[in-house]
file entry.pdb (PDB, C-alpha atoms and all ligand atoms)
ATOM      1  CA  MET A1073      86.268  44.989 133.729
ATOM      2  CA  SER A1074      83.466  42.536 133.354
ATOM      3  CA  GLY A1075      82.620  38.844 133.500
ATOM      4  CA  PHE A1076      81.578  36.753 136.440
ATOM      5  CA  VAL A1077      81.655  38.284 139.905
ATOM      6  CA  GLU A1078      81.929  34.695 141.178
ATOM      7  CA  LYS A1079      82.272  31.955 138.574
ATOM      8  CA  PRO A1080      80.240  28.953 139.773
ATOM      9  CA  GLU A1081      81.780  25.482 139.951
ATOM     10  CA  PRO A1082      80.012  23.113 137.527
ATOM     11  CA  VAL A1083      77.791  20.454 139.084
ATOM     12  CA  GLN A1084      79.193  16.967 138.427
ATOM     13  CA  VAL A1085      76.713  14.406 137.117
ATOM     14  CA  PRO A1086      77.806  10.875 136.181
ATOM     15  CA  GLY A1087      77.462  10.351 132.421
ATOM     16  CA  LEU A1088      77.566  14.071 131.657
ATOM     17  CA  THR A1089      80.684  15.894 130.556
ATOM     18  CA  HIS A1090      80.764  19.572 131.459
ATOM     19  CA  LEU A1091      81.547  21.650 128.360
ATOM     20  CA  HIS A1092      81.009  25.267 129.212
ATOM     21  CA  THR A1093      79.677  27.682 131.798
ATOM     22  CA  GLY A1094      77.887  30.492 129.920
ATOM     23  CA  LYS A1095      76.525  33.664 131.420
ATOM     24  CA  VAL A1096      73.233  31.958 132.184
ATOM     25  CA  ARG A1097      73.460  28.352 130.986
ATOM     26  CA  ASP A1098      75.677  25.426 131.890
ATOM     27  CA  LEU A1099      76.368  23.096 129.003
ATOM     28  CA  TYR A1100      77.084  19.382 129.211
ATOM     29  CA  ARG A1101      77.344  16.530 126.732
ATOM     30  CA  ASN A1102      75.507  13.297 127.501
ATOM     31  CA  GLU A1103      76.606   9.805 126.479
ATOM     32  CA  ALA A1104      74.325   9.887 123.413
ATOM     33  CA  GLY A1105      76.262  12.930 122.197
ATOM     34  CA  ASP A1106      73.406  15.362 122.812
ATOM     35  CA  LEU A1107      73.820  18.693 124.509
ATOM     36  CA  VAL A1108      72.344  19.155 127.988
ATOM     37  CA  MET A1109      71.536  22.831 128.605
ATOM     38  CA  VAL A1110      70.811  23.846 132.174
ATOM     39  CA  ALA A1111      69.449  27.370 132.630
ATOM     40  CA  SER A1112      70.626  28.715 135.964
ATOM     41  CA  ASP A1113      69.054  31.581 137.913
ATOM     42  CA  ARG A1114      72.057  33.764 137.115
ATOM     43  CA  MET A1115      71.436  37.228 135.836
ATOM     44  CA  SER A1116      73.690  39.436 133.794
ATOM     45  CA  ALA A1117      73.611  43.209 133.511
ATOM     46  CA  TYR A1118      76.105  45.723 132.143
ATOM     47  CA  ASP A1119      78.323  42.863 130.938
ATOM     48  CA  TRP A1120      78.585  41.371 134.413
ATOM     49  CA  VAL A1121      77.124  38.141 135.705
ATOM     50  CA  LEU A1122      75.759  39.423 139.014
ATOM     51  CA  PRO A1123      76.585  37.849 142.381
ATOM     52  CA  THR A1124      72.865  37.476 143.204
ATOM     53  CA  GLU A1125      70.511  34.968 141.585
ATOM     54  CA  ILE A1126      66.843  35.491 140.707
ATOM     55  CA  PRO A1127      64.939  32.434 142.003
ATOM     56  CA  ASP A1128      63.032  30.554 139.258
ATOM     57  CA  LYS A1129      64.477  32.661 136.438
ATOM     58  CA  GLY A1130      66.081  29.675 134.702
ATOM     59  CA  ARG A1131      62.823  27.725 134.836
ATOM     60  CA  VAL A1132      60.797  30.640 133.520
ATOM     61  CA  LEU A1133      63.185  31.105 130.593
ATOM     62  CA  THR A1134      63.190  27.393 129.808
ATOM     63  CA  GLN A1135      59.416  26.991 129.972
ATOM     64  CA  LEU A1136      58.825  30.127 127.911
ATOM     65  CA  SER A1137      61.291  28.985 125.237
ATOM     66  CA  LEU A1138      59.554  25.616 125.050
ATOM     67  CA  TRP A1139      56.176  27.306 124.654
ATOM     68  CA  TRP A1140      57.470  29.402 121.773
ATOM     69  CA  PHE A1141      59.410  26.587 120.078
ATOM     70  CA  ASP A1142      56.121  24.714 119.654
ATOM     71  CA  LEU A1143      54.474  27.701 117.984
ATOM     72  CA  LEU A1144      57.286  28.064 115.459
ATOM     73  CA  THR A1145      57.833  24.537 114.161
ATOM     74  CA  ASP A1146      56.207  25.242 110.792
ATOM     75  CA  LEU A1147      58.696  28.097 110.269
ATOM     76  CA  VAL A1148      61.869  26.434 111.544
ATOM     77  CA  PRO A1149      62.674  23.232 113.468
ATOM     78  CA  HIS A1150      64.081  23.661 116.999
ATOM     79  CA  HIS A1151      66.888  21.897 118.807
ATOM     80  CA  VAL A1152      65.027  20.342 121.755
ATOM     81  CA  VAL A1153      65.182  16.556 121.917
ATOM     82  CA  SER A1154      63.727  15.987 125.378
ATOM     83  CA  THR A1155      62.825  17.689 128.637
ATOM     84  CA  ASP A1156      63.539  14.531 130.654
ATOM     85  CA  LEU A1157      65.980  15.023 133.480
ATOM     86  CA  PRO A1158      69.204  13.080 132.851
ATOM     87  CA  ALA A1159      69.647  10.173 135.293
ATOM     88  CA  GLY A1160      71.502  11.289 138.388
ATOM     89  CA  ALA A1161      70.893  14.999 137.828
ATOM     90  CA  PRO A1162      70.059  17.084 140.906
ATOM     91  CA  ALA A1163      66.328  17.614 141.527
ATOM     92  CA  ASP A1164      66.949  21.342 141.202
ATOM     93  CA  TRP A1165      67.552  20.838 137.450
ATOM     94  CA  GLU A1166      63.883  19.957 136.931
ATOM     95  CA  GLY A1167      62.172  22.456 134.630
ATOM     96  CA  ARG A1168      65.394  24.194 133.685
ATOM     97  CA  THR A1169      67.076  21.444 131.698
ATOM     98  CA  LEU A1170      66.776  20.752 127.983
ATOM     99  CA  VAL A1171      68.404  17.916 126.110
ATOM    100  CA  CYS A1172      69.193  19.389 122.702
ATOM    101  CA  LYS A1173      70.718  18.405 119.406
ATOM    102  CA  SER A1174      74.330  19.394 119.395
ATOM    103  CA  LEU A1175      74.506  21.759 116.450
ATOM    104  CA  ASN A1176      77.210  23.362 114.440
ATOM    105  CA  MET A1177      76.357  26.884 115.639
ATOM    106  CA  VAL A1178      76.353  29.841 113.271
ATOM    107  CA  PRO A1179      78.613  32.467 114.889
ATOM    108  CA  VAL A1180      76.097  35.265 114.357
ATOM    109  CA  GLU A1181      73.552  36.702 116.758
ATOM    110  CA  CYS A1182      70.453  37.037 114.599
ATOM    111  CA  VAL A1183      68.622  40.108 115.818
ATOM    112  CA  ALA A1184      65.280  41.332 114.519
ATOM    113  CA  ARG A1185      64.101  44.820 115.435
ATOM    114  CA  GLY A1186      60.640  46.220 114.934
ATOM    115  CA  TYR A1187      61.243  49.245 117.151
ATOM    116  CA  LEU A1188      64.141  51.595 117.625
ATOM    117  CA  THR A1189      66.051  51.520 120.934
ATOM    118  CA  GLY A1190      69.320  50.402 122.531
ATOM    119  CA  SER A1191      72.330  50.067 120.231
ATOM    120  CA  GLY A1192      70.044  50.640 117.228
ATOM    121  CA  LEU A1193      69.057  54.048 118.567
ATOM    122  CA  VAL A1194      72.680  54.994 119.261
ATOM    123  CA  GLU A1195      73.656  54.224 115.653
ATOM    124  CA  TYR A1196      70.526  55.911 114.275
ATOM    125  CA  ASN A1197      71.266  59.113 116.167
ATOM    126  CA  GLU A1198      74.730  59.260 114.620
ATOM    127  CA  THR A1199      74.073  58.150 111.057
ATOM    128  CA  ARG A1200      70.318  57.597 110.515
ATOM    129  CA  THR A1201      71.148  53.942 109.926
ATOM    130  CA  VAL A1202      70.988  50.706 111.936
ATOM    131  CA  CYS A1203      73.535  48.050 110.955
ATOM    132  CA  GLY A1204      74.071  50.136 107.838
ATOM    133  CA  LEU A1205      70.359  50.103 106.885
ATOM    134  CA  ALA A1206      68.976  53.566 106.102
ATOM    135  CA  LEU A1207      65.978  54.654 108.165
ATOM    136  CA  PRO A1208      63.659  57.659 107.850
ATOM    137  CA  GLU A1209      64.183  60.932 109.747
ATOM    138  CA  GLY A1210      62.198  61.732 112.857
ATOM    139  CA  LEU A1211      62.401  58.451 114.781
ATOM    140  CA  SER A1212      63.070  58.498 118.524
ATOM    141  CA  ASP A1213      63.562  56.046 121.401
ATOM    142  CA  GLY A1214      60.806  53.443 121.098
ATOM    143  CA  SER A1215      59.569  54.404 117.628
ATOM    144  CA  GLU A1216      58.109  51.647 115.513
ATOM    145  CA  LEU A1217      60.185  51.041 112.387
ATOM    146  CA  PRO A1218      58.528  51.194 108.946
ATOM    147  CA  ALA A1219      59.212  47.440 108.696
ATOM    148  CA  PRO A1220      61.132  44.978 110.893
ATOM    149  CA  ILE A1221      64.838  44.798 110.122
ATOM    150  CA  PHE A1222      67.518  42.123 110.485
ATOM    151  CA  THR A1223      70.462  43.565 112.433
ATOM    152  CA  PRO A1224      73.063  40.836 112.974
ATOM    153  CA  ALA A1225      75.790  40.997 115.590
ATOM    154  CA  THR A1226      78.921  39.011 116.162
ATOM    155  CA  LYS A1227      78.849  36.961 119.328
ATOM    156  CA  ALA A1228      81.203  38.160 122.032
ATOM    157  CA  ALA A1229      82.918  36.106 124.720
ATOM    158  CA  VAL A1230      81.584  36.460 128.288
ATOM    159  CA  GLY A1231      82.126  40.036 129.349
ATOM    160  CA  ASP A1232      82.376  41.606 125.916
ATOM    161  CA  HIS A1233      79.764  43.553 124.009
ATOM    162  CA  ASP A1234      78.227  41.887 120.985
ATOM    163  CA  GLU A1235      79.092  44.021 117.991
ATOM    164  CA  ASN A1236      76.579  45.042 115.335
ATOM    165  CA  VAL A1237      77.711  44.155 111.832
ATOM    166  CA  SER A1238      76.314  44.845 108.379
ATOM    167  CA  TYR A1239      74.436  42.188 106.464
ATOM    168  CA  GLU A1240      77.162  42.323 103.814
ATOM    169  CA  GLU A1241      79.790  41.510 106.435
ATOM    170  CA  VAL A1242      77.754  38.495 107.604
ATOM    171  CA  ALA A1243      77.392  37.326 104.007
ATOM    172  CA  ARG A1244      81.165  37.579 103.606
ATOM    173  CA  GLN A1245      81.769  35.577 106.762
ATOM    174  CA  ILE A1246      79.248  32.750 106.386
ATOM    175  CA  GLY A1247      78.270  32.871 102.717
ATOM    176  CA  ALA A1248      75.485  34.682 100.896
ATOM    177  CA  GLU A1249      73.135  31.718 100.874
ATOM    178  CA  THR A1250      73.312  31.072 104.624
ATOM    179  CA  ALA A1251      73.068  34.804 105.376
ATOM    180  CA  ALA A1252      69.911  35.075 103.279
ATOM    181  CA  MET A1253      68.407  32.061 105.019
ATOM    182  CA  LEU A1254      69.182  33.523 108.452
ATOM    183  CA  ARG A1255      67.661  36.868 107.587
ATOM    184  CA  GLN A1256      64.531  35.339 106.134
ATOM    185  CA  THR A1257      64.023  32.950 109.062
ATOM    186  CA  THR A1258      64.807  35.586 111.703
ATOM    187  CA  LEU A1259      62.254  38.003 110.256
ATOM    188  CA  ALA A1260      59.626  35.301 109.779
ATOM    189  CA  VAL A1261      59.941  34.123 113.386
ATOM    190  CA  TYR A1262      60.001  37.681 114.705
ATOM    191  CA  SER A1263      56.834  38.572 112.769
ATOM    192  CA  ARG A1264      54.985  35.516 114.021
ATOM    193  CA  ALA A1265      56.031  36.103 117.624
ATOM    194  CA  ARG A1266      55.348  39.811 117.509
ATOM    195  CA  GLY A1267      51.768  39.181 116.443
ATOM    196  CA  ILE A1268      51.219  36.633 119.199
ATOM    197  CA  ALA A1269      52.743  38.915 121.845
ATOM    198  CA  ARG A1270      50.731  41.912 120.651
ATOM    199  CA  GLU A1271      47.459  40.007 121.113
ATOM    200  CA  ARG A1272      48.522  39.580 124.730
ATOM    201  CA  GLY A1273      49.292  43.232 125.330
ATOM    202  CA  ILE A1274      53.038  42.983 124.849
ATOM    203  CA  ILE A1275      55.165  44.699 122.233
ATOM    204  CA  LEU A1276      58.075  42.538 121.095
ATOM    205  CA  ALA A1277      60.413  45.424 120.337
ATOM    206  CA  ASP A1278      63.375  43.306 119.332
ATOM    207  CA  THR A1279      64.790  39.854 119.867
ATOM    208  CA  LYS A1280      67.858  37.733 119.280
ATOM    209  CA  PHE A1281      68.025  34.208 117.896
ATOM    210  CA  GLU A1282      70.861  31.746 117.539
ATOM    211  CA  PHE A1283      70.824  29.144 114.804
ATOM    212  CA  GLY A1284      72.867  26.084 114.080
ATOM    213  CA  PHE A1285      73.132  23.388 111.452
ATOM    214  CA  GLU A1286      72.266  19.768 112.019
ATOM    215  CA  ALA A1287      74.028  17.245 109.805
ATOM    216  CA  THR A1288      71.412  15.097 108.033
ATOM    217  CA  GLU A1289      71.565  12.590 105.201
ATOM    218  CA  HIS A1290      70.177  15.335 102.944
ATOM    219  CA  GLY A1291      72.852  17.800 104.008
ATOM    220  CA  PRO A1292      72.959  20.490 106.690
ATOM    221  CA  LYS A1293      69.581  21.571 108.090
ATOM    222  CA  LEU A1294      68.992  24.959 109.718
ATOM    223  CA  VAL A1295      67.700  24.635 113.294
ATOM    224  CA  ILE A1296      66.791  27.336 115.814
ATOM    225  CA  ALA A1297      68.746  26.860 119.044
ATOM    226  CA  ASP A1298      69.541  28.366 122.445
ATOM    227  CA  GLU A1299      66.601  30.149 124.113
ATOM    228  CA  VAL A1300      63.906  31.972 122.170
ATOM    229  CA  LEU A1301      61.716  34.980 122.847
ATOM    230  CA  THR A1302      62.463  35.283 126.545
ATOM    231  CA  PRO A1303      62.949  38.472 128.567
ATOM    232  CA  ASP A1304      66.710  37.744 128.420
ATOM    233  CA  SER A1305      66.843  37.568 124.637
ATOM    234  CA  SER A1306      64.145  40.126 123.836
ATOM    235  CA  ARG A1307      62.760  43.497 124.736
ATOM    236  CA  PHE A1308      59.143  43.127 125.817
ATOM    237  CA  TRP A1309      57.234  46.339 126.461
ATOM    238  CA  PRO A1310      53.740  46.669 127.902
ATOM    239  CA  ALA A1311      51.716  47.898 124.904
ATOM    240  CA  ALA A1312      49.460  50.015 127.108
ATOM    241  CA  SER A1313      52.253  52.315 128.220
ATOM    242  CA  TRP A1314      54.208  52.442 124.947
ATOM    243  CA  GLU A1315      55.142  56.022 124.120
ATOM    244  CA  PRO A1316      57.980  56.827 121.734
ATOM    245  CA  GLY A1317      60.356  59.588 122.793
ATOM    246  CA  ARG A1318      61.459  58.040 126.081
ATOM    247  CA  ALA A1319      62.841  54.787 127.420
ATOM    248  CA  GLN A1320      60.027  52.211 127.637
ATOM    249  CA  PRO A1321      59.323  50.200 130.773
ATOM    250  CA  SER A1322      60.181  46.568 130.030
ATOM    251  CA  TYR A1323      59.708  43.046 131.331
ATOM    252  CA  ASP A1324      63.293  42.290 132.026
ATOM    253  CA  LYS A1325      66.263  43.677 133.857
ATOM    254  CA  GLN A1326      64.832  47.128 134.309
ATOM    255  CA  PHE A1327      64.719  47.008 138.109
ATOM    256  CA  VAL A1328      68.214  45.625 138.253
ATOM    257  CA  ARG A1329      69.669  48.159 135.840
ATOM    258  CA  ASP A1330      67.875  51.045 137.545
ATOM    259  CA  TRP A1331      69.062  49.979 140.978
ATOM    260  CA  LEU A1332      72.653  49.305 139.867
ATOM    261  CA  THR A1333      72.911  52.771 138.337
ATOM    262  CA  SER A1334      71.197  54.513 141.271
ATOM    263  CA  PRO A1335      73.144  56.020 144.196
ATOM    264  CA  ALA A1336      71.648  53.299 146.439
ATOM    265  CA  SER A1337      73.919  50.641 144.929
ATOM    266  CA  GLY A1338      77.094  52.644 145.496
ATOM    267  CA  TRP A1339      78.416  51.144 142.265
ATOM    268  CA  ASP A1340      80.040  52.978 139.390
ATOM    269  CA  ARG A1341      79.385  51.223 136.099
ATOM    270  CA  ARG A1342      82.548  52.679 134.625
ATOM    271  CA  SER A1343      84.759  51.558 137.486
ATOM    272  CA  GLU A1344      86.829  48.384 137.589
ATOM    273  CA  GLN A1345      84.753  47.207 140.554
ATOM    274  CA  PRO A1346      82.355  44.266 140.257
ATOM    275  CA  PRO A1347      78.676  45.099 140.903
ATOM    276  CA  PRO A1348      77.347  44.532 144.446
ATOM    277  CA  ALA A1349      74.767  41.980 145.610
ATOM    278  CA  LEU A1350      71.149  42.922 144.882
ATOM    279  CA  PRO A1351      68.815  43.806 147.765
ATOM    280  CA  GLN A1352      65.924  41.412 148.382
ATOM    281  CA  GLU A1353      63.262  43.817 147.084
ATOM    282  CA  ILE A1354      65.038  44.104 143.727
ATOM    283  CA  VAL A1355      65.327  40.313 143.526
ATOM    284  CA  ASP A1356      61.607  39.917 144.318
ATOM    285  CA  ALA A1357      60.496  42.604 141.865
ATOM    286  CA  THR A1358      62.645  41.129 139.095
ATOM    287  CA  ARG A1359      61.381  37.600 139.720
ATOM    288  CA  ALA A1360      57.805  38.911 139.598
ATOM    289  CA  LYS A1361      58.478  40.617 136.236
ATOM    290  CA  TYR A1362      59.841  37.451 134.651
ATOM    291  CA  ILE A1363      56.827  35.501 135.905
ATOM    292  CA  GLU A1364      54.437  38.213 134.729
ATOM    293  CA  ALA A1365      55.889  38.061 131.226
ATOM    294  CA  TYR A1366      55.566  34.264 131.221
ATOM    295  CA  GLU A1367      51.965  34.375 132.433
ATOM    296  CA  LEU A1368      50.859  37.114 130.045
ATOM    297  CA  LEU A1369      52.413  35.462 127.014
ATOM    298  CA  THR A1370      51.474  31.841 127.651
ATOM    299  CA  GLY A1371      48.208  32.399 129.507
ATOM    300  CA  HIS A1372      49.425  29.788 132.006
ATOM    301  CA  THR A1373      49.735  30.375 135.733
ATOM    302  CA  TRP A1374      53.298  30.032 137.047
ATOM    303  CA  SER A1375      53.428  27.345 139.706
TER     304      SER A1375
HETATM  305  N1  LIG A1401      71.828  23.281 120.079
HETATM  306  C1  LIG A1401      72.983  23.861 120.412
HETATM  307  N2  LIG A1401      74.163  23.318 120.009
HETATM  308  C2  LIG A1401      75.350  23.904 120.366
HETATM  309  N3  LIG A1401      75.457  25.017 121.122
HETATM  310  C3  LIG A1401      74.314  25.603 121.547
HETATM  311  C4  LIG A1401      73.024  25.067 121.205
HETATM  312  N4  LIG A1401      72.074  25.878 121.755
HETATM  313  C5  LIG A1401      72.732  26.849 122.406
HETATM  314  N5  LIG A1401      74.065  26.720 122.291
HETATM  315  C6  LIG A1401      75.103  27.569 122.903
HETATM  316  O1  LIG A1401      75.014  27.368 124.309
HETATM  317  C7  LIG A1401      75.364  28.540 125.029
HETATM  318  C8  LIG A1401      74.245  28.889 125.994
HETATM  319  O2  LIG A1401      74.738  29.438 127.183
HETATM  320  P1  LIG A1401      74.527  30.959 127.601
HETATM  321  O3  LIG A1401      74.723  31.024 129.063
HETATM  322  O4  LIG A1401      73.265  31.505 127.022
HETATM  323  O5  LIG A1401      75.790  31.521 126.844
HETATM  324  P2  LIG A1401      76.195  33.018 126.502
HETATM  325  O6  LIG A1401      77.008  33.468 127.664
HETATM  326  O7  LIG A1401      77.012  32.815 125.264
HETATM  327  O8  LIG A1401      74.916  33.775 126.267
HETATM  328  C9  LIG A1401      75.605  29.611 123.977
HETATM  329  O9  LIG A1401      76.995  29.713 123.740
HETATM  330  C10 LIG A1401      74.903  29.056 122.733
HETATM  331  O10 LIG A1401      75.477  29.517 121.543
HETATM  332 MG    MG A1402      72.851  33.282 125.953
END
call {"tool": "encode", "arguments": {"input": "entry.pdb", "output": "structure tokens"}}
result
Amino acid sequence: MSGFVEKPEPVQVPGLTHLHTGKVRDLYRNEAGDLVMVASDRMSAYDWVLPTEIPDKGRVLTQLSLWWFDLLTDLVPHHVVSTDLPAGAPADWEGRTLVCKSLNMVPVECVARGYLTGSGLVEYNETRTVCGLALPEGLSDGSELPAPIFTPATKAAVGDHDENVSYEEVARQIGAETAAMLRQTTLAVYSRARGIARERGIILADTKFEFGFEATEHGPKLVIADEVLTPDSSRFWPAASWEPGRAQPSYDKQFVRDWLTSPASGWDRRSEQPPPALPQEIVDATRAKYIEAYELLTGHTWS
């Protein structure tokens, strides 16, 4: 079992049509035809959207994405049209709402990995490959790869695992030209971001992008969409404590995952039961981690 423990009712705003409730974001269409993306404070872990929110998480993710989008515009245009709050929207939407171009989304999760961990490590341990790409012997959890790799995945519905696929499979599905463009752009953005993060003491181990096409008079234009380079879409590790051969501490759901899998939660990941509410100290520690990542990366103080 998986999915929402409690699926939230969409907020009704005059002039906005509710389209979709994602794991984290609520999507609306405005009267101009643009997409209004509202990042909630919802948190997902182990394929569940948890019953407890992390205050400010949606704002942190939104502000961090905006900061990155600006640093990437020479590599790829982004989808944000405006950060103005739509008329009639609740005050709580401030800082978490982006008006975006409504794109024809590419149904591929574009993952770049510079380090080996997670599903990449699982595949490597079985076959010495990741998404079918051969890697050298002797790598372990957290090892830096000889060069960053593009490891696409197919996007799953809420509650399902994304599935790693080979580059060849992506090329079959969306065409060789688009696949090549996605790989090139994904790796270029990853390399830029990794360098910036590293200067700030953070290893960007891996990250996921979503792209879409905007119809223009010159034909379809590739645009980077969704959120970028946030603790939800990336693995950020403190560089100072990086040590291959073990799981790395990270700026994301670590506290939540650790608590959910500890005896204290009373929850069995493999059961059909939904996960329990998080205790306040786990909520506070997680919120602090998200804010720490934001502050370290941007150099801004969270207010
Ligand atoms: N510019 C865009 N145009 C159309 N769809 C978008 C755009 N940017 C993001 N999306 C989609 O909006 C949704 C964001 O909601 P989210 O809660 O992150 O969903 P998910 O549960 O799929 O991760 C995703 O399905 C994403 O593909
Ligand atoms: Mg998402």
call {"tool": "residues_around", "arguments": {"input": "entry.pdb", "residues": "Val1108 of chain A", "least_positions_apart": "5", "cutoff": "12 Å", "atoms": "all atoms listed in the file", "output": "PyMOL selection string"}}
result
chain A and resi 1085+1087-1093+1097-1103+1151-1159+1161+1165+1168-1174+1298
call {"tool": "atom_distance", "arguments": {"input": "entry.pdb", "atom1": "atom CA of Thr1258 of chain A", "atom2": "atom CA of Phe1281 of chain A"}}
result
7.1 Å
call {"tool": "closest_residue", "arguments": {"input": "entry.pdb", "among": "A:Ser1305, A:Asn1236, A:Thr1257, A:Thr1288", "to": "ligand LIG 1401 (chain A)", "atoms": "all atoms listed in the file"}}
result
A:Ser1305
call {"tool": "resolve_selection", "arguments": {"input": "entry.pdb", "expression": "the PyMOL selection byres (((chain A and resi 1207) around 12) and not hetatm)", "output": "JSON, numbers by chain"}}
result
{"A": [1187, 1188, 1192, 1193, 1195, 1196, 1197, 1198, 1199, 1200, 1201, 1202, 1203, 1204, 1205, 1206, 1208, 1209, 1210, 1211, 1212, 1215, 1216, 1217, 1218, 1219, 1220, 1221]}
call {"tool": "atom_distance", "arguments": {"input": "entry.pdb", "atom1": "atom CA of Phe1141 of chain A", "atom2": "atom CA of Val1242 of chain A"}}
result
25.2 Å
call {"tool": "residues_near_ligand", "arguments": {"input": "entry.pdb", "ligand": "ligand LIG 1401 (chain A)", "cutoff": "9 Å", "atoms": "only C-alpha atoms and all ligand atoms", "output": "VMD selection string"}}
result
chain A and resid 1092 to 1099 1106 to 1112 1114 1150 to 1152 1171 to 1179 1181 1227 to 1231 1282 to 1286 1295 to 1299
